[in-house]
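J.: Provided below: input-v6.pdb, containing PDB, C-alpha atoms and all ligand atoms.
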```pdb
ATOM      1  CA  MET A   1      11.973  -4.938  13.545  1.00  0.00           C
ATOM      2  CA  ARG A   2      11.613  -1.394  12.210  1.00  0.00           C
ATOM      3  CA  VAL A   3       8.844  -0.636   9.721  1.00  0.00           C
ATOM      4  CA  GLY A   4       8.376   2.755   8.091  1.00  0.00           C
ATOM      5  CA  VAL A   5       5.090   4.428   7.187  1.00  0.00           C
ATOM      6  CA  LEU A   6       5.302   6.871   4.288  1.00  0.00           C
ATOM      7  CA  ALA A   7       4.039  10.011   6.002  1.00  0.00           C
ATOM      8  CA  LEU A   8       3.142  12.350   3.154  1.00  0.00           C
ATOM      9  CA  GLN A   9      -0.646  11.879   3.266  1.00  0.00           C
ATOM     10  CA  GLY A  10      -3.226   9.489   4.689  1.00  0.00           C
ATOM     11  CA  ASP A  11      -3.822   7.506   7.865  1.00  0.00           C
ATOM     12  CA  VAL A  12      -0.199   7.468   8.987  1.00  0.00           C
ATOM     13  CA  ARG A  13      -0.964   7.188  12.718  1.00  0.00           C
ATOM     14  CA  GLU A  14      -3.499   4.403  12.220  1.00  0.00           C
ATOM     15  CA  HIS A  15      -0.996   2.311  10.247  1.00  0.00           C
ATOM     16  CA  GLN A  16       1.640   3.059  12.859  1.00  0.00           C
ATOM     17  CA  ARG A  17      -0.661   1.880  15.666  1.00  0.00           C
ATOM     18  CA  ILE A  18      -1.486  -1.382  13.889  1.00  0.00           C
ATOM     19  CA  LEU A  19       2.211  -2.112  13.297  1.00  0.00           C
ATOM     20  CA  GLU A  20       2.982  -1.356  16.943  1.00  0.00           C
ATOM     21  CA  SER A  21       0.105  -3.554  18.116  1.00  0.00           C
ATOM     22  CA  LEU A  22       1.781  -6.391  16.185  1.00  0.00           C
ATOM     23  CA  GLY A  23       5.090  -5.794  17.959  1.00  0.00           C
ATOM     24  CA  ALA A  24       6.982  -3.792  15.324  1.00  0.00           C
ATOM     25  CA  GLU A  25       8.684  -0.460  15.850  1.00  0.00           C
ATOM     26  CA  ALA A  26       6.940   1.923  13.438  1.00  0.00           C
ATOM     27  CA  VAL A  27       8.537   5.146  12.233  1.00  0.00           C
ATOM     28  CA  TRP A  28       7.433   7.960   9.915  1.00  0.00           C
ATOM     29  CA  VAL A  29       9.145   8.352   6.554  1.00  0.00           C
ATOM     30  CA  ARG A  30       9.425  11.801   5.018  1.00  0.00           C
ATOM     31  CA  ARG A  31      13.069  12.098   4.000  1.00  0.00           C
ATOM     32  CA  LYS A  32      15.454   9.815   2.154  1.00  0.00           C
ATOM     33  CA  GLU A  33      17.438   9.233   5.347  1.00  0.00           C
ATOM     34  CA  ASP A  34      14.286   7.885   7.027  1.00  0.00           C
ATOM     35  CA  LEU A  35      14.354   4.881   4.680  1.00  0.00           C
ATOM     36  CA  LYS A  36      17.741   3.776   6.000  1.00  0.00           C
ATOM     37  CA  ASN A  37      17.774   0.854   8.415  1.00  0.00           C
ATOM     38  CA  LEU A  38      14.138  -0.052   7.794  1.00  0.00           C
ATOM     39  CA  ASP A  39      13.019  -3.666   7.401  1.00  0.00           C
ATOM     40  CA  GLY A  40       9.781  -2.805   5.629  1.00  0.00           C
ATOM     41  CA  LEU A  41       7.479   0.016   4.559  1.00  0.00           C
ATOM     42  CA  VAL A  42       3.758   0.811   4.453  1.00  0.00           C
ATOM     43  CA  ILE A  43       2.464   3.201   1.784  1.00  0.00           C
ATOM     44  CA  PRO A  44      -0.945   4.419   3.017  1.00  0.00           C
ATOM     45  CA  GLY A  45      -3.942   5.340   0.902  1.00  0.00           C
ATOM     46  CA  GLY A  46      -4.861   8.920   0.127  1.00  0.00           C
ATOM     47  CA  GLU A  47      -4.719  10.403  -3.335  1.00  0.00           C
ATOM     48  CA  SER A  48      -2.075   8.864  -5.576  1.00  0.00           C
ATOM     49  CA  THR A  49      -1.699  12.012  -7.697  1.00  0.00           C
ATOM     50  CA  ALA A  50      -1.036  14.136  -4.606  1.00  0.00           C
ATOM     51  CA  ILE A  51       1.271  11.545  -3.046  1.00  0.00           C
ATOM     52  CA  SER A  52       3.295  11.218  -6.237  1.00  0.00           C
ATOM     53  CA  LYS A  53       3.686  15.028  -6.380  1.00  0.00           C
ATOM     54  CA  LEU A  54       4.843  15.037  -2.755  1.00  0.00           C
ATOM     55  CA  ILE A  55       7.274  12.182  -3.469  1.00  0.00           C
ATOM     56  CA  GLY A  56       8.742  14.470  -6.164  1.00  0.00           C
ATOM     57  CA  ILE A  57       8.849  17.523  -3.897  1.00  0.00           C
ATOM     58  CA  PHE A  58      10.519  15.522  -1.108  1.00  0.00           C
ATOM     59  CA  ASP A  59      12.900  13.966  -3.699  1.00  0.00           C
ATOM     60  CA  LEU A  60      12.052  10.443  -2.574  1.00  0.00           C
ATOM     61  CA  MET A  61      11.313   8.650  -5.860  1.00  0.00           C
ATOM     62  CA  GLN A  62      14.691   7.072  -6.540  1.00  0.00           C
ATOM     63  CA  THR A  63      15.202   5.959  -2.932  1.00  0.00           C
ATOM     64  CA  LEU A  64      11.673   4.546  -2.768  1.00  0.00           C
ATOM     65  CA  ARG A  65      12.191   2.605  -6.010  1.00  0.00           C
ATOM     66  CA  GLU A  66      15.427   1.138  -4.638  1.00  0.00           C
ATOM     67  CA  PHE A  67      13.651   0.185  -1.392  1.00  0.00           C
ATOM     68  CA  VAL A  68      10.684  -1.398  -3.189  1.00  0.00           C
ATOM     69  CA  ALA A  69      13.049  -3.424  -5.384  1.00  0.00           C
ATOM     70  CA  THR A  70      14.276  -5.481  -2.444  1.00  0.00           C
ATOM     71  CA  LYS A  71      12.458  -4.863   0.863  1.00  0.00           C
ATOM     72  CA  PRO A  72       8.975  -5.929   2.012  1.00  0.00           C
ATOM     73  CA  VAL A  73       6.400  -3.230   1.250  1.00  0.00           C
ATOM     74  CA  LEU A  74       2.635  -2.957   1.790  1.00  0.00           C
ATOM     75  CA  GLY A  75       0.687  -0.443  -0.310  1.00  0.00           C
ATOM     76  CA  THR A  76      -2.986   0.212   0.328  1.00  0.00           C
ATOM     77  CA  CYS A  77      -5.389   1.949  -2.066  1.00  0.00           C
ATOM     78  CA  ALA A  78      -3.372   4.899  -3.462  1.00  0.00           C
ATOM     79  CA  GLY A  79      -0.342   2.881  -2.282  1.00  0.00           C
ATOM     80  CA  LEU A  80      -1.389   0.029  -4.595  1.00  0.00           C
ATOM     81  CA  ILE A  81      -1.763   2.502  -7.471  1.00  0.00           C
ATOM     82  CA  LEU A  82       1.696   3.958  -6.862  1.00  0.00           C
ATOM     83  CA  LEU A  83       3.274   0.498  -6.745  1.00  0.00           C
ATOM     84  CA  SER A  84       1.552  -0.755  -9.935  1.00  0.00           C
ATOM     85  CA  ASP A  85       3.649  -0.977 -13.093  1.00  0.00           C
ATOM     86  CA  GLN A  86       0.594  -0.087 -15.174  1.00  0.00           C
ATOM     87  CA  VAL A  87      -2.318   2.149 -14.130  1.00  0.00           C
ATOM     88  CA  GLU A  88      -5.438   2.917 -16.097  1.00  0.00           C
ATOM     89  CA  GLY A  89      -6.532   6.490 -15.394  1.00  0.00           C
ATOM     90  CA  ARG A  90      -3.014   7.610 -14.477  1.00  0.00           C
ATOM     91  CA  LEU A  91      -2.556  11.334 -15.052  1.00  0.00           C
ATOM     92  CA  ASP A  92       0.017  12.105 -17.766  1.00  0.00           C
ATOM     93  CA  ASP A  93       2.376  13.780 -15.325  1.00  0.00           C
ATOM     94  CA  GLN A  94       1.807  11.246 -12.539  1.00  0.00           C
ATOM     95  CA  GLU A  95       4.987   9.335 -11.753  1.00  0.00           C
ATOM     96  CA  LEU A  96       4.610   5.887 -10.264  1.00  0.00           C
ATOM     97  CA  ILE A  97       7.004   4.061  -7.965  1.00  0.00           C
ATOM     98  CA  GLY A  98       6.197   0.820  -9.786  1.00  0.00           C
ATOM     99  CA  GLY A  99       7.755  -2.568  -9.062  1.00  0.00           C
ATOM    100  CA  LEU A 100       4.488  -4.505  -8.814  1.00  0.00           C
ATOM    101  CA  ASP A 101       3.710  -6.108 -12.158  1.00  0.00           C
ATOM    102  CA  ILE A 102      -0.083  -5.726 -12.137  1.00  0.00           C
ATOM    103  CA  VAL A 103      -2.537  -3.539 -14.027  1.00  0.00           C
ATOM    104  CA  SER A 104      -4.756  -1.389 -11.795  1.00  0.00           C
ATOM    105  CA  SER A 105      -7.463   1.126 -12.560  1.00  0.00           C
ATOM    106  CA  ARG A 106      -7.879   4.303 -10.496  1.00  0.00           C
ATOM    107  CA  ASN A 107     -11.285   5.059  -8.948  1.00  0.00           C
ATOM    108  CA  ALA A 108     -12.781   1.949 -10.570  1.00  0.00           C
ATOM    109  CA  TYR A 109     -15.007   1.250  -7.530  1.00  0.00           C
ATOM    110  CA  GLY A 110     -16.527   4.723  -7.991  1.00  0.00           C
ATOM    111  CA  SER A 111     -16.213   8.204  -6.562  1.00  0.00           C
ATOM    112  CA  GLN A 112     -16.032   9.336  -2.933  1.00  0.00           C
ATOM    113  CA  ALA A 113     -19.842   9.106  -2.723  1.00  0.00           C
ATOM    114  CA  ASN A 114     -19.642   5.421  -3.687  1.00  0.00           C
ATOM    115  CA  SER A 115     -17.286   4.605  -0.819  1.00  0.00           C
ATOM    116  CA  PHE A 116     -18.342   1.599   1.240  1.00  0.00           C
ATOM    117  CA  GLU A 117     -17.327  -0.839   3.944  1.00  0.00           C
ATOM    118  CA  ALA A 118     -17.255  -4.508   3.077  1.00  0.00           C
ATOM    119  CA  THR A 119     -15.867  -7.823   4.211  1.00  0.00           C
ATOM    120  CA  VAL A 120     -13.015  -9.227   2.180  1.00  0.00           C
ATOM    121  CA  GLN A 121     -12.147 -12.911   1.974  1.00  0.00           C
ATOM    122  CA  TYR A 122      -8.597 -14.084   2.590  1.00  0.00           C
ATOM    123  CA  GLU A 123      -7.489 -17.686   2.184  1.00  0.00           C
ATOM    124  CA  ASP A 124      -8.167 -18.500   5.818  1.00  0.00           C
ATOM    125  CA  THR A 125     -10.027 -15.519   7.306  1.00  0.00           C
ATOM    126  CA  THR A 126     -12.292 -12.577   6.555  1.00  0.00           C
ATOM    127  CA  GLU A 127     -12.033  -8.928   7.602  1.00  0.00           C
ATOM    128  CA  PRO A 128     -14.117  -5.752   7.369  1.00  0.00           C
ATOM    129  CA  VAL A 129     -12.348  -3.013   5.394  1.00  0.00           C
ATOM    130  CA  ALA A 130     -13.173   0.306   3.680  1.00  0.00           C
ATOM    131  CA  PHE A 131     -13.189   0.990  -0.070  1.00  0.00           C
ATOM    132  CA  ILE A 132     -12.712   4.731  -0.695  1.00  0.00           C
ATOM    133  CA  ARG A 133     -12.452   5.818  -4.350  1.00  0.00           C
ATOM    134  CA  ALA A 134     -10.835   2.437  -4.581  1.00  0.00           C
ATOM    135  CA  PRO A 135      -8.877   1.098  -7.523  1.00  0.00           C
ATOM    136  CA  LYS A 136      -9.579  -2.261  -9.133  1.00  0.00           C
ATOM    137  CA  ILE A 137      -6.942  -4.778 -10.118  1.00  0.00           C
ATOM    138  CA  LEU A 138      -7.562  -5.434 -13.822  1.00  0.00           C
ATOM    139  CA  ASP A 139      -4.772  -7.981 -14.271  1.00  0.00           C
ATOM    140  CA  THR A 140      -2.946  -9.755 -11.448  1.00  0.00           C
ATOM    141  CA  LYS A 141      -0.361 -11.185 -13.882  1.00  0.00           C
ATOM    142  CA  SER A 142       1.973 -13.384 -11.805  1.00  0.00           C
ATOM    143  CA  ALA A 143       0.908 -11.920  -8.434  1.00  0.00           C
ATOM    144  CA  LYS A 144      -0.691 -14.203  -5.863  1.00  0.00           C
ATOM    145  CA  VAL A 145      -4.220 -13.184  -4.878  1.00  0.00           C
ATOM    146  CA  LEU A 146      -4.398 -12.578  -1.111  1.00  0.00           C
ATOM    147  CA  ALA A 147      -8.000 -11.369  -0.849  1.00  0.00           C
ATOM    148  CA  THR A 148     -11.158 -11.218  -2.923  1.00  0.00           C
ATOM    149  CA  TYR A 149     -14.360  -9.200  -2.768  1.00  0.00           C
ATOM    150  CA  GLN A 150     -17.354 -10.416  -4.775  1.00  0.00           C
ATOM    151  CA  GLY A 151     -15.019 -12.808  -6.558  1.00  0.00           C
ATOM    152  CA  GLN A 152     -12.667 -10.024  -7.689  1.00  0.00           C
ATOM    153  CA  PRO A 153      -9.017  -9.842  -6.572  1.00  0.00           C
ATOM    154  CA  VAL A 154      -8.585  -6.947  -4.132  1.00  0.00           C
ATOM    155  CA  ALA A 155      -5.239  -7.756  -2.512  1.00  0.00           C
ATOM    156  CA  VAL A 156      -2.157  -9.359  -4.037  1.00  0.00           C
ATOM    157  CA  GLN A 157       1.405 -10.323  -3.232  1.00  0.00           C
ATOM    158  CA  GLN A 158       4.266 -10.525  -5.698  1.00  0.00           C
ATOM    159  CA  ASN A 159       7.539 -11.470  -4.056  1.00  0.00           C
ATOM    160  CA  ASN A 160       8.304  -8.729  -1.492  1.00  0.00           C
ATOM    161  CA  ILE A 161       5.368  -6.469  -2.412  1.00  0.00           C
ATOM    162  CA  LEU A 162       1.892  -6.695  -0.876  1.00  0.00           C
ATOM    163  CA  ALA A 163      -0.870  -4.395  -2.075  1.00  0.00           C
ATOM    164  CA  ALA A 164      -4.584  -3.945  -1.484  1.00  0.00           C
ATOM    165  CA  CYS A 165      -7.354  -1.892  -3.116  1.00  0.00           C
ATOM    166  CA  TYR A 166      -8.864  -1.006   0.247  1.00  0.00           C
ATOM    167  CA  HIS A 167      -8.089   0.694   3.571  1.00  0.00           C
ATOM    168  CA  PRO A 168      -7.585  -1.862   6.371  1.00  0.00           C
ATOM    169  CA  GLU A 169      -6.670   0.781   8.953  1.00  0.00           C
ATOM    170  CA  ILE A 170     -10.075   2.474   9.008  1.00  0.00           C
ATOM    171  CA  THR A 171     -11.712  -0.632  10.456  1.00  0.00           C
ATOM    172  CA  GLY A 172      -8.616  -1.575  12.453  1.00  0.00           C
ATOM    173  CA  SER A 173      -8.040  -4.698  10.370  1.00  0.00           C
ATOM    174  CA  THR A 174      -4.594  -6.148  10.901  1.00  0.00           C
ATOM    175  CA  HIS A 175      -4.271  -9.125   8.558  1.00  0.00           C
ATOM    176  CA  LEU A 176      -2.272  -7.367   5.808  1.00  0.00           C
ATOM    177  CA  HIS A 177       0.131  -5.835   8.313  1.00  0.00           C
ATOM    178  CA  SER A 178       0.691  -9.225   9.892  1.00  0.00           C
ATOM    179  CA  LEU A 179       1.418 -10.686   6.435  1.00  0.00           C
ATOM    180  CA  LEU A 180       3.949  -7.871   5.927  1.00  0.00           C
ATOM    181  CA  ILE A 181       5.573  -8.697   9.252  1.00  0.00           C
ATOM    182  CA  THR A 182       5.647 -12.410   8.338  1.00  0.00           C
ATOM    183  CA  GLU A 183       7.379 -11.483   5.067  1.00  0.00           C
ATOM    184  CA  ILE A 184       9.950  -9.402   6.986  1.00  0.00           C
ATOM    185  CA  ASP A 185      10.468 -12.227   9.519  1.00  0.00           C
ATOM    186  CA  SER A 186      11.073 -14.737   6.736  1.00  0.00           C
ATOM    187  CA  ARG A 187      14.032 -12.649   5.567  1.00  0.00           C
ATOM    188  CA  GLN A 188      15.725 -12.172   8.944  1.00  0.00           C
TER     189      GLN A 188
HETATM  190  N1  LIG B 201      -8.459   6.780  -6.175  1.00  0.00           N
HETATM  191  C1  LIG B 201      -7.448   7.347  -5.375  1.00  0.00           C
HETATM  192  C2  LIG B 201      -6.202   7.636  -6.193  1.00  0.00           C
HETATM  193  O1  LIG B 201      -6.205   7.655  -7.377  1.00  0.00           O
HETATM  194  C3  LIG B 201      -7.048   6.421  -4.237  1.00  0.00           C
HETATM  195  C4  LIG B 201      -8.063   6.507  -3.150  1.00  0.00           C
HETATM  196  C5  LIG B 201      -7.574   6.096  -1.806  1.00  0.00           C
HETATM  197  O2  LIG B 201      -6.396   5.885  -1.570  1.00  0.00           O
HETATM  198  N2  LIG B 201      -8.491   6.040  -0.888  1.00  0.00           N
HETATM  199  O3  LIG B 201      -5.208   7.863  -5.622  1.00  0.00           O
END
```
Any chance you could give the structure as structure tokens?

T.:
Amino acid sequence: MRVGVLALQGDVREHQRILESLGAEAVWVRRKEDLKNLDGLVIPGGESTAISKLIGIFDLMQTLREFVATKPVLGTCAGLILLSDQVEGRLDDQELIGGLDIVSSRNAYGSQANSFEATVQYEDTTEPVAFIRAPKILDTKSAKVLATYQGQPVAVQQNNILAACYHPEITGSTHLHSLLITEIDSRQ
């Protein structure tokens, strides 16, 4: 199984290591060709405005949209923002990948100074994760809630797309990546 990590910004190596620790081959994605022959993709957190500019500069938007339409994808933090169909606080010139029919709100957990570590609750486990200028999910629509924090949805899955408001890789949490791998396995 080959899983790509979008390598424009963020904790690319950390995501790669987690995927490898779960038995997947993990490769960096920077060019359109890199998306060929991948079974899944991780879009790391960072700054969604910067990442969307880089997606434009690297001419990846169309290929990413096609990938996200059919293949398993995990977006974390800025990745969740980029995958959302509707984003509160989106800059006028900020292009989204879209595909995930939720409404999210940028920086809704506060600024950099309000960043925090917390334990999130999944259906059958808990994990420590990091919230860094994290978005909130304002409306999950038809998405399934995968994790909550203080009763609020913070990770969701809609068909092939998984997305979380937080950074799992900073604390080495692996649950979301293993759900991504399960989703890939179920299609092979
Ligand atoms: N709030 C940031 C944004 O708009 C996301 C922060 C993050 O990915 N840590 O992109």

J.: Within 8 Å of region 76-82 of chain A, counting all atoms listed in the file, which residues show up once you throw out same-chain ones fewer than 5 positions away? Write them as a list of chain:residue names, please.

T.: A:Val42, A:Ile43, A:Pro44, A:Gly45, A:Gly46, A:Glu47, A:Ser48, A:Ser52, A:Val87, A:Glu95, A:Leu96, A:Ile97, A:Gly98, A:Ser104, A:Ser105, A:Arg106, A:Ile132, A:Ala134, A:Pro135, A:Ala163, A:Ala164, A:Cys165, A:Tyr166, A:His167, A:Pro168

J.: Quick one: of A:Asp93, A:Glu123, A:Asp59, A:Glu20, who's nearest to Glu33 (chain A), counting all atoms listed in the file?

T.: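 Closest to Glu33 (chain A) of all the choices is A:Asp59.
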
J.: Under the rule that only C-alpha atoms and all ligand atoms are counted, which of A:Ala50, A:Ala113, A:Val120, A:Ile55 is the nearest residue to ligand LIG 201 (chain B)?

T.: A:Ala50

J.: Apply the PyMOL selection byres (((chain A and resi 170-184) around 8) and not hetatm) to the file shown and report the selected residues as a PDB file with C-alpha atoms, keeping the file's coordinate frame.

T.:
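Output file selection_21.pdb follows:
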```pdb
ATOM      1  CA  GLU A  14      -3.499   4.403  12.220  1.00  0.00           C
ATOM      2  CA  ILE A  18      -1.486  -1.382  13.889  1.00  0.00           C
ATOM      3  CA  LEU A  19       2.211  -2.112  13.297  1.00  0.00           C
ATOM      4  CA  LEU A  22       1.781  -6.391  16.185  1.00  0.00           C
ATOM      5  CA  ALA A  24       6.982  -3.792  15.324  1.00  0.00           C
ATOM      6  CA  ASP A  39      13.019  -3.666   7.401  1.00  0.00           C
ATOM      7  CA  GLY A  40       9.781  -2.805   5.629  1.00  0.00           C
ATOM      8  CA  PRO A  72       8.975  -5.929   2.012  1.00  0.00           C
ATOM      9  CA  VAL A  73       6.400  -3.230   1.250  1.00  0.00           C
ATOM     10  CA  LEU A  74       2.635  -2.957   1.790  1.00  0.00           C
ATOM     11  CA  GLU A 127     -12.033  -8.928   7.602  1.00  0.00           C
ATOM     12  CA  PRO A 128     -14.117  -5.752   7.369  1.00  0.00           C
ATOM     13  CA  VAL A 129     -12.348  -3.013   5.394  1.00  0.00           C
ATOM     14  CA  ALA A 130     -13.173   0.306   3.680  1.00  0.00           C
ATOM     15  CA  ASN A 160       8.304  -8.729  -1.492  1.00  0.00           C
ATOM     16  CA  LEU A 162       1.892  -6.695  -0.876  1.00  0.00           C
ATOM     17  CA  HIS A 167      -8.089   0.694   3.571  1.00  0.00           C
ATOM     18  CA  PRO A 168      -7.585  -1.862   6.371  1.00  0.00           C
ATOM     19  CA  GLU A 169      -6.670   0.781   8.953  1.00  0.00           C
ATOM     20  CA  ASP A 185      10.468 -12.227   9.519  1.00  0.00           C
ATOM     21  CA  SER A 186      11.073 -14.737   6.736  1.00  0.00           C
ATOM     22  CA  ARG A 187      14.032 -12.649   5.567  1.00  0.00           C
ATOM     23  CA  GLN A 188      15.725 -12.172   8.944  1.00  0.00           C
TER      24      GLN A 188
END
```

J.: Rank A:Ala143, A:Leu54, A:Ala108, A:Leu38 by their smallest atom-to-atom distance to Ala7 (chain A), using only C-alpha atoms, and report the top residue only.

T.: A:Leu54

J.: Grab the CA of Ser84 (chain A) to CA of Gly99 (chain A) distance for me, in Å with one decimal place.

T.: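 One can read the CA of Ser84 (chain A) to CA of Gly99 (chain A) distance as 6.5 Å.
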
J.: Report, as JSON, the centre and edge lengths in Å (one decimal) of the axis-aligned box enclosing every listed atom of ligand LIG 201 (chain B), padded by 4 Å on each side.

T.:
```
{"center_x": -6.8, "center_y": 6.9, "center_z": -4.1, "size_x": 11.3, "size_y": 10.0, "size_z": 14.5}
```

J.: Which is closest to Asp124 (chain A) among A:Val103, A:Ile137, A:Val5, A:Ala147, if we use only C-alpha atoms?

T.: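 The closest residue to Asp124 (chain A) is A:Ala147.
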
J.: By how many Å are atom C3 of ligand LIG 201 (chain B) and CA of Asn107 (chain A) apart?

T.: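 One can read the atom C3 of ligand LIG 201 (chain B) to CA of Asn107 (chain A) distance as 6.5 Å.
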
J.: Rounded to one decimal, what separation in Å do you get between CA of Pro153 (chain A) and CA of Leu138 (chain A)?

T.: 8.6 Å

J.: Would you save region 76-93 of chain A to a file, keeping N, CA, C and O atoms, as a compact mmCIF listing (two decimals), in the first residue's frame?

T.:
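out05.txt, freshly written:
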```txt
# COMPACT_ATOMS: atom_id res chain seq x y z
N THR A 76 -5.62 17.00 8.09
CA THR A 76 -5.59 17.43 9.49
C THR A 76 -5.39 18.93 9.55
O THR A 76 -4.57 19.50 8.84
N CYS A 77 -6.17 19.58 10.40
CA CYS A 77 -6.09 21.02 10.67
C CYS A 77 -6.22 21.83 9.38
O CYS A 77 -7.31 21.87 8.81
N ALA A 78 -5.17 22.44 8.86
CA ALA A 78 -5.29 23.15 7.58
C ALA A 78 -5.79 22.19 6.50
O ALA A 78 -6.51 22.61 5.58
N GLY A 79 -5.44 20.92 6.61
CA GLY A 79 -5.92 19.90 5.66
C GLY A 79 -7.44 19.79 5.70
O GLY A 79 -8.10 19.66 4.66
N LEU A 80 -8.01 19.83 6.91
CA LEU A 80 -9.48 19.82 7.05
C LEU A 80 -10.09 21.05 6.39
O LEU A 80 -11.10 20.97 5.69
N ILE A 81 -9.45 22.21 6.61
CA ILE A 81 -9.97 23.45 6.02
C ILE A 81 -9.97 23.33 4.49
O ILE A 81 -10.96 23.64 3.83
N LEU A 82 -8.88 22.86 3.94
CA LEU A 82 -8.75 22.77 2.48
C LEU A 82 -9.75 21.78 1.87
O LEU A 82 -10.19 21.96 0.75
N LEU A 83 -10.12 20.76 2.65
CA LEU A 83 -11.05 19.76 2.13
C LEU A 83 -12.51 20.18 2.30
O LEU A 83 -13.39 19.64 1.63
N SER A 84 -12.77 21.15 3.18
CA SER A 84 -14.16 21.56 3.46
C SER A 84 -14.78 22.22 2.23
O SER A 84 -14.13 22.99 1.53
N ASP A 85 -16.07 21.94 2.02
CA ASP A 85 -16.79 22.63 0.93
C ASP A 85 -17.08 24.07 1.30
O ASP A 85 -17.18 24.92 0.44
N GLN A 86 -17.24 24.33 2.61
CA GLN A 86 -17.57 25.68 3.05
C GLN A 86 -16.72 26.05 4.25
O GLN A 86 -16.66 25.28 5.23
N VAL A 87 -16.05 27.22 4.19
CA VAL A 87 -15.14 27.63 5.26
C VAL A 87 -15.45 29.06 5.68
O VAL A 87 -15.37 29.98 4.86
N GLU A 88 -15.76 29.21 6.95
CA GLU A 88 -15.92 30.56 7.50
C GLU A 88 -14.53 31.12 7.75
O GLU A 88 -13.67 30.42 8.29
N GLY A 89 -14.29 32.36 7.33
CA GLY A 89 -12.97 32.95 7.53
C GLY A 89 -12.03 32.66 6.39
O GLY A 89 -10.83 32.96 6.45
N ARG A 90 -12.57 32.08 5.30
CA ARG A 90 -11.74 31.82 4.11
C ARG A 90 -11.37 33.16 3.49
O ARG A 90 -12.20 34.06 3.38
N LEU A 91 -10.12 33.31 3.09
CA LEU A 91 -9.73 34.54 2.40
C LEU A 91 -10.35 34.53 1.00
O LEU A 91 -10.50 33.48 0.39
N ASP A 92 -10.69 35.73 0.49
CA ASP A 92 -11.40 35.82 -0.79
C ASP A 92 -10.68 35.08 -1.92
O ASP A 92 -11.31 34.46 -2.77
N ASP A 93 -9.34 35.17 -1.90
CA ASP A 93 -8.60 34.54 -3.00
C ASP A 93 -8.11 33.14 -2.63
O ASP A 93 -7.28 32.56 -3.32
```
